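Listing of query26.txt; format and content: compact mmCIF, C-alpha atoms.
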# COMPACT_ATOMS: atom_id res chain seq x y z
CA VAL A 235 6.08 -69.97 -36.51
CA CYS A 236 4.36 -67.65 -34.08
CA GLY A 237 3.59 -64.20 -35.39
CA ALA A 238 4.78 -61.06 -33.67
CA MET A 239 2.75 -60.12 -30.64
CA VAL A 240 0.54 -57.09 -31.16
CA GLU A 241 0.80 -54.48 -28.45
CA ARG A 242 -2.44 -54.04 -26.59
CA ALA A 243 -3.95 -50.63 -26.12
CA VAL A 244 -4.50 -49.58 -22.52
CA PHE A 245 -7.88 -48.31 -21.36
CA ILE A 246 -8.88 -46.50 -18.19
CA ASP A 247 -12.22 -46.43 -16.38
CA ARG A 248 -13.95 -43.15 -15.67
CA SER A 249 -15.60 -44.28 -12.46
CA ALA A 250 -17.20 -40.92 -11.62
CA CYS A 251 -19.67 -38.94 -13.70
CA ILE A 252 -17.92 -36.66 -16.22
CA SER A 253 -20.52 -33.98 -15.45
CA CYS A 254 -21.37 -33.96 -11.74
CA ARG A 255 -18.59 -36.28 -10.43
CA SER A 256 -21.07 -38.66 -8.81
CA PRO A 257 -19.98 -42.33 -8.59
CA ALA A 258 -23.61 -43.48 -8.91
CA LEU A 259 -23.53 -44.99 -12.40
CA GLU A 260 -25.74 -47.51 -14.17
CA GLU A 261 -24.68 -49.52 -17.22
CA LEU A 262 -26.78 -48.94 -20.33
CA ALA A 263 -24.90 -51.15 -22.78
CA SER A 264 -21.59 -52.94 -23.21
CA GLY A 265 -19.77 -55.20 -25.61
CA GLY A 266 -16.47 -56.02 -27.26
CA PHE A 267 -14.67 -54.11 -29.98
CA ALA A 268 -14.34 -57.42 -31.84
CA ASP A 269 -18.12 -57.92 -31.82
CA GLU A 270 -20.38 -57.03 -34.71
CA PRO A 271 -21.66 -54.63 -35.81
CA LEU A 272 -19.03 -52.43 -34.14
CA HIS A 273 -16.07 -54.32 -35.61
CA GLY A 274 -17.40 -53.85 -39.12
CA ILE A 275 -18.14 -50.18 -38.55
CA LEU A 276 -14.61 -49.55 -37.32
CA ALA A 277 -13.06 -51.63 -40.10
CA ALA A 278 -14.85 -49.53 -42.72
CA GLN A 279 -13.43 -46.23 -41.45
CA ALA A 280 -10.49 -44.45 -43.06
CA TRP A 281 -7.47 -45.06 -40.84
CA GLY A 282 -3.80 -44.41 -41.12
CA GLU A 283 -3.00 -47.50 -39.05
CA SER A 284 -6.03 -49.57 -38.09
CA PRO A 285 -6.70 -49.57 -34.34
CA LEU A 286 -8.53 -52.91 -34.46
CA PRO A 287 -5.53 -55.17 -33.73
CA PHE A 288 -4.72 -53.05 -30.67
CA ILE A 289 -8.24 -52.94 -29.18
CA ALA A 290 -9.73 -56.29 -30.28
CA HIS A 291 -9.20 -57.72 -26.78
CA GLU A 292 -11.00 -54.85 -25.06
CA HIS A 293 -14.62 -54.04 -24.30
CA TRP A 294 -16.62 -50.84 -24.21
CA CYS A 295 -19.16 -49.77 -21.59
CA TYR A 296 -21.82 -47.07 -21.92
CA VAL A 297 -23.16 -45.74 -18.62
CA ARG A 298 -25.53 -43.13 -17.23
CA CYS A 299 -25.26 -41.10 -14.06
CA ARG A 300 -28.16 -41.75 -11.68
CA VAL A 301 -27.82 -38.24 -10.25
CA CYS A 302 -27.69 -35.90 -13.25
CA GLY A 303 -28.56 -38.24 -16.13
CA GLN A 304 -25.34 -37.69 -18.09
CA ALA A 305 -24.58 -40.66 -20.37
CA TYR A 306 -21.07 -41.40 -21.60
CA HIS A 307 -18.53 -44.10 -22.42
CA ARG A 308 -16.94 -45.22 -19.19
CA ARG A 309 -13.82 -46.80 -20.70
CA ILE A 310 -11.44 -44.66 -22.75
CA LEU A 311 -7.87 -44.89 -24.01
CA ASP A 312 -5.18 -43.85 -21.54
CA PRO A 313 -3.12 -40.73 -22.37
CA VAL A 314 -0.39 -42.67 -24.20
CA TRP A 315 -2.86 -44.46 -26.44
CA MET A 316 -4.98 -41.35 -26.87
CA THR A 317 -1.89 -39.81 -28.44
CA ALA A 318 -1.60 -42.88 -30.67
CA LEU A 319 -5.19 -42.30 -31.78
CA TYR A 320 -4.33 -38.86 -33.14
CA THR A 321 -0.88 -39.69 -34.50
CA ARG A 322 -0.97 -43.26 -35.80
CA TRP A 323 -4.65 -44.00 -36.38
CA GLU A 324 -6.36 -40.70 -37.28
CA THR A 325 -3.66 -39.34 -39.57
CA GLN A 326 -3.91 -36.37 -41.91
CA GLN A 327 -4.10 -38.74 -44.87
CA ALA A 328 -6.91 -40.69 -43.24
CA MET A 329 -8.80 -37.49 -42.45
CA ALA A 330 -8.46 -36.32 -46.05
CA ALA A 331 -9.80 -39.68 -47.28
CA PHE A 332 -12.75 -39.44 -44.89
CA ILE A 333 -13.59 -35.91 -46.01
CA ALA A 334 -13.38 -36.89 -49.67
CA SER A 335 -15.83 -39.77 -49.19
CA HIS A 336 -18.22 -38.34 -46.59
CA ILE A 337 -18.24 -34.53 -46.82
CA SER A 338 -19.38 -32.74 -49.94
CA PRO A 339 -18.16 -29.31 -51.08
CA GLN A 340 -21.58 -27.99 -50.03
CA ASP A 341 -21.05 -29.39 -46.52
CA GLN A 342 -17.65 -27.70 -46.33
CA LEU A 343 -19.17 -24.42 -47.51
CA HIS A 344 -21.86 -24.72 -44.85
CA ARG A 345 -19.20 -25.33 -42.18
CA GLY A 346 -17.27 -22.25 -43.31
CA ALA A 347 -20.43 -20.14 -43.30
CA ALA A 348 -21.24 -21.38 -39.78
CA PHE A 349 -17.79 -20.29 -38.57
CA VAL A 350 -18.31 -16.81 -40.06
CA ALA A 351 -21.74 -16.58 -38.40
CA HIS A 352 -20.27 -17.64 -35.05
CA ALA A 353 -17.47 -15.07 -35.35
CA LEU A 354 -19.84 -12.23 -36.24
CA ARG A 355 -22.05 -13.20 -33.32
CA LEU A 356 -19.08 -13.11 -30.97
CA GLN A 357 -18.05 -9.75 -32.42
CA ARG A 358 -21.44 -8.30 -31.48
CA MET A 359 -21.39 -9.92 -28.03
CA CYS A 360 -17.89 -8.64 -27.24
CA ALA A 361 -18.29 -5.14 -28.69
CA SER A 362 -19.78 -3.62 -25.55
CA ARG A 363 -17.12 -5.01 -23.21
CA SER A 364 -13.88 -4.97 -25.20
CA GLY A 365 -13.46 -1.20 -24.94
CA GLY A 366 -12.76 -0.86 -28.65
CA LEU A 367 -9.91 -3.38 -28.49
CA ALA A 368 -9.78 -6.53 -30.59
CA PRO A 369 -11.75 -9.27 -28.82
CA ARG A 370 -9.51 -11.99 -27.40
CA VAL A 371 -10.73 -15.45 -28.47
CA LEU A 372 -9.41 -18.91 -27.57
CA ASP A 373 -10.54 -21.80 -29.78
CA TYR A 374 -9.85 -24.98 -27.80
CA GLY A 375 -9.47 -28.07 -29.97
CA CYS A 376 -9.05 -25.83 -33.02
CA GLY A 377 -8.18 -28.62 -35.46
CA HIS A 378 -6.64 -27.07 -38.54
CA GLY A 379 -7.48 -23.60 -37.28
CA GLU A 380 -10.27 -22.63 -39.67
CA PHE A 381 -12.24 -20.72 -37.01
CA VAL A 382 -9.10 -19.02 -35.70
CA ALA A 383 -8.32 -17.89 -39.27
CA VAL A 384 -11.85 -16.50 -39.70
CA CYS A 385 -11.59 -14.61 -36.40
CA ARG A 386 -8.24 -13.10 -37.35
CA VAL A 387 -9.61 -11.90 -40.69
CA LEU A 388 -12.32 -10.07 -38.73
CA GLY A 389 -9.70 -8.44 -36.51
CA PHE A 390 -9.90 -10.69 -33.45
CA ASP A 391 -6.88 -11.50 -31.32
CA ALA A 392 -7.47 -15.24 -31.77
CA ILE A 393 -5.46 -18.21 -30.49
CA GLY A 394 -5.94 -21.92 -31.14
CA ILE A 395 -5.05 -24.98 -29.07
CA ASP A 396 -4.94 -28.54 -30.43
CA PHE A 397 -2.66 -31.34 -29.27
CA ALA A 398 -2.76 -33.48 -32.48
CA PRO A 399 0.70 -33.18 -34.12
CA ASP A 400 -0.70 -33.29 -37.67
CA ARG A 401 -2.55 -30.04 -36.98
CA GLU A 402 0.80 -28.27 -36.61
CA LYS A 403 2.09 -29.55 -39.93
CA HIS A 404 -1.09 -29.16 -41.97
CA GLY A 405 -2.98 -26.45 -40.08
CA MET A 406 -3.99 -23.06 -41.47
CA VAL A 407 -2.58 -21.16 -38.48
CA ASN A 408 0.01 -21.74 -35.79
CA ARG A 409 -1.50 -23.25 -32.66
CA PHE A 410 -0.41 -24.30 -29.20
CA PRO A 411 -0.43 -28.03 -28.33
CA SER A 412 -1.80 -27.41 -24.81
CA LEU A 413 -2.79 -24.81 -22.26
CA GLU A 414 0.52 -25.48 -20.53
CA ALA A 415 2.41 -24.61 -23.72
CA LEU A 416 0.38 -21.40 -24.06
CA ARG A 417 1.26 -20.37 -20.52
CA HIS A 418 4.92 -21.28 -21.00
CA GLU A 419 5.34 -19.18 -24.14
CA ARG A 420 3.09 -16.26 -23.25
CA GLY A 421 3.90 -16.08 -19.55
CA HIS A 422 0.91 -14.21 -18.15
CA VAL A 423 -2.07 -15.26 -20.29
CA PRO A 424 -4.60 -12.43 -20.69
CA SER A 425 -8.25 -13.08 -19.93
CA PHE A 426 -10.22 -14.11 -23.00
CA ASP A 427 -13.44 -12.43 -24.06
CA ALA A 428 -14.65 -15.68 -25.62
CA VAL A 429 -13.73 -19.38 -25.52
CA THR A 430 -15.02 -21.79 -28.15
CA LEU A 431 -15.07 -25.60 -28.40
CA PHE A 432 -16.50 -26.87 -31.68
CA GLU A 433 -17.13 -30.63 -31.62
CA VAL A 434 -14.44 -31.04 -28.98
CA LEU A 435 -16.18 -31.64 -25.63
CA GLU A 436 -17.18 -35.21 -26.55
CA HIS A 437 -13.52 -36.11 -27.24
CA LEU A 438 -12.18 -35.02 -23.84
CA ALA A 439 -11.26 -37.50 -21.12
CA ASP A 440 -12.34 -34.98 -18.45
CA PRO A 441 -14.69 -32.42 -20.03
CA ARG A 442 -15.71 -30.85 -16.71
CA GLY A 443 -12.10 -30.48 -15.59
CA THR A 444 -11.18 -28.88 -18.91
CA LEU A 445 -14.06 -26.41 -18.69
CA GLU A 446 -13.09 -25.51 -15.12
CA GLU A 447 -9.53 -24.84 -16.28
CA LEU A 448 -10.72 -22.75 -19.23
CA ALA A 449 -13.05 -20.77 -16.96
CA GLN A 450 -10.02 -19.47 -15.09
CA LEU A 451 -8.80 -17.88 -18.33
CA MET A 452 -12.09 -16.11 -19.11
CA ALA A 453 -12.77 -12.49 -18.31
CA PRO A 454 -15.90 -11.69 -16.27
CA GLY A 455 -18.90 -11.89 -18.59
CA ALA A 456 -16.96 -13.70 -21.31
CA ALA A 457 -18.81 -15.91 -23.79
CA LEU A 458 -18.44 -19.71 -23.86
CA VAL A 459 -19.53 -21.40 -27.10
CA LEU A 460 -19.92 -25.19 -27.14
CA GLU A 461 -21.01 -27.24 -30.14
CA THR A 462 -21.32 -31.04 -30.10
CA PRO A 463 -22.92 -33.54 -32.49
CA ASP A 464 -25.97 -35.44 -31.27

Before anything else, please render the file you have as structure tokens.
Amino acid sequence: VCGAMVERAVFIDRSACISCRSPALEELASGGFADEPLHGILAAQAWGESPLPFIAHEHWCYVRCRVCGQAYHRRILDPVWMTALYTRWETQQAMAAFIASHISPQDQLHRGAAFVAHALRLQRMCASRSGGLAPRVLDYGCGHGEFVAVCRVLGFDAIGIDFAPDREKHGMVNRFPSLEALRHERGHVPSFDAVTLFEVLEHLADPRGTLEELAQLMAPGAALVLETPD
């Protein structure tokens, strides 16, 4: 008896550089998701529903731009399957299991202290231009909203955006699922004194396009804080 057919995830090719938009790309490495050691690495991760049956037929491709030198993964999940990643595969339960096995209480304390340090730094940077008003901060890709919560404790007018549904249910603060939702509810969105993206840029399908869109919401002289793992 034939087993049920597994739906295949759909990937798209980013054929232009995610930084400078040049089409001049060179391949650095490629392979299949079913190949080792990648298959074993993915299999060992904490998942809600394992993505391996859905991506086993696909391949990955790591490229570099010949113009600006930016390196990135050319092939990524399409929007429908990107949503599946954050709803079916990377669930709240899976994230909790990962934190329990990989992140110590000391690491979590360090992360909290780093958020406080970032917020205090922004407070000093915005003090001279906010006219005594509470600095307006947008944390894009806010996750569970820890940084937004820290900013609000310090008196900021802070807003978070994160499209993962689990963040709404388990987050520390209310957040908007998208910039479009923010505009729809708030109508005219005020200019922000600071925009932050902590370990978010590397997850975006179009990081340059997102930054260009966020720039339109920033007041003149506003601070942009980016943090990515290396």

Give me, as a Markdown table, each residue of stretch 419-443 of chain A that comes within 10 Å of stretch 340-356 of chain A, together with its shortest interatomic pair and the distance in Å at one decimal, counting all atoms listed in the file, with rows ordered by chain and rising residue number.
| residue | atom | partner | partner_atom | distance |
| --- | --- | --- | --- | --- |
| A:Asp427 | CA | A:Leu356 | CA | 8.9 |
| A:Ala428 | CA | A:Leu356 | CA | 7.4 |
| A:Val429 | CA | A:Leu356 | CA | 9.9 |
| A:Thr430 | CA | A:His352 | CA | 9.6 |
| A:Phe432 | CA | A:Phe349 | CA | 9.6 |

Extract, using only C-alpha atoms, all DNA, RNA and protein residues at most 9 Å from stretch 273-287 of chain A, discarding same-chain residues fewer than 3 positions from it, and format them as a list in words. Val240, Glu241, Arg242, Ala243, Gly266, Phe267, Ala268, Asp269, Glu270, Ala290, His291, Leu319, Thr321, Arg322, Trp323, Glu324, Thr325, Gln326, Gln327, Ala328, Met329, Ala330, Ala331 and Phe332 of chain A

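The neighbours of stretch 389-394 of chain A here are the residues that come within 7 Å of it, using all atoms listed in the file and leaving out any residue fewer than 4 positions away in the same chain; they are Ala368, Pro369, Arg370, Val371, Leu372, Asp373, Tyr374, Cys376, Gly379, Val382, Cys385, Arg409 and Phe410 of chain A.
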
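Residues in contact with A:Arg298 at 9 Å, where all atoms listed in the file are counted and same-chain residues fewer than 6 positions away are skipped, are listed as Cys251, Ala258, Leu259, Glu260, Glu261, Leu262, Gln304, Ala305, Tyr306 and His307 of chain A.
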
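Distances to A:Asp400 were evaluated for A:Ala415, A:Ser264, A:Leu445, A:Ala318 using only C-alpha atoms, and the minimum falls at A:Ala318.
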
What are the centre and the three edge lengths of an axis-aligned box that wraps all atoms of stretch 294-309 of chain A in the file, given that 3 Å is added to every side, written as JSON and rounded to one decimal in Å?
{"center_x": -21.2, "center_y": -43.4, "center_z": -17.2, "size_x": 20.7, "size_y": 20.9, "size_z": 20.0}

Closest of A:Gly265, A:Arg308, A:Glu446, A:Leu272 to A:Ala250 - atom-to-atom distances counting all atoms listed in the file: A:Arg308

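Nearest residue to A:Glu433 among A:Asp312, A:Glu447, A:Asp464, A:Glu380 is A:Asp464, counting all atoms listed in the file.
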
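The space separating atom CA of A:Gly303 from atom CA of A:Met316 comes to 26.1 Å.
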
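The space between atom CA of A:Asp247 and atom CA of A:Cys295 spans 9.3 Å.
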
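Interatomic distance, atom CA of A:Ala456 to atom CA of A:Ser412: 20.7 Å.
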
Dig up all the protein and nucleic acid residues within 12 Å of (-23.9, -9.1, -20.5) in the file frame, using all atoms listed in the file, and format them as a short mmCIF file (atom, residue, chain, number, x, y, z; two decimals) with C-alpha atoms, keeping the file's coordinate frame.
data_model
loop_
_atom_site.label_atom_id
_atom_site.label_comp_id
_atom_site.auth_asym_id
_atom_site.auth_seq_id
_atom_site.Cartn_x
_atom_site.Cartn_y
_atom_site.Cartn_z
CA ARG A 358 -21.44 -8.30 -31.48
CA MET A 359 -21.39 -9.92 -28.03
CA CYS A 360 -17.89 -8.64 -27.24
CA ALA A 361 -18.29 -5.14 -28.69
CA SER A 362 -19.78 -3.62 -25.55
CA ARG A 363 -17.12 -5.01 -23.21
CA SER A 364 -13.88 -4.97 -25.20
CA ASP A 427 -13.44 -12.43 -24.06
CA ALA A 453 -12.77 -12.49 -18.31
CA PRO A 454 -15.90 -11.69 -16.27
CA GLY A 455 -18.90 -11.89 -18.59
CA ALA A 456 -16.96 -13.70 -21.31
CA ALA A 457 -18.81 -15.91 -23.79
#

Excluding A:Ala383 and its own-chain neighbours fewer than 5 positions away, which residues fall within 9 Å of it when counting all atoms listed in the file? Please give them as a compact mmCIF listing (two decimals) with C-alpha atoms, in the coordinates of the input.
# COMPACT_ATOMS: atom_id res chain seq x y z
CA LEU A 388 -12.32 -10.07 -38.73
CA ALA A 392 -7.47 -15.24 -31.77
CA MET A 406 -3.99 -23.06 -41.47
CA VAL A 407 -2.58 -21.16 -38.48

Distance criterion (only C-alpha atoms): nearest to A:Arg417 out of A:Ile395, A:Val297, A:Ala439, A:Ile289: A:Ile395

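Of the listed residues (A:Leu460, A:Leu451, A:Leu367, A:Ala334), A:Leu460 comes nearest to A:Leu435; the distances count all atoms listed in the file.
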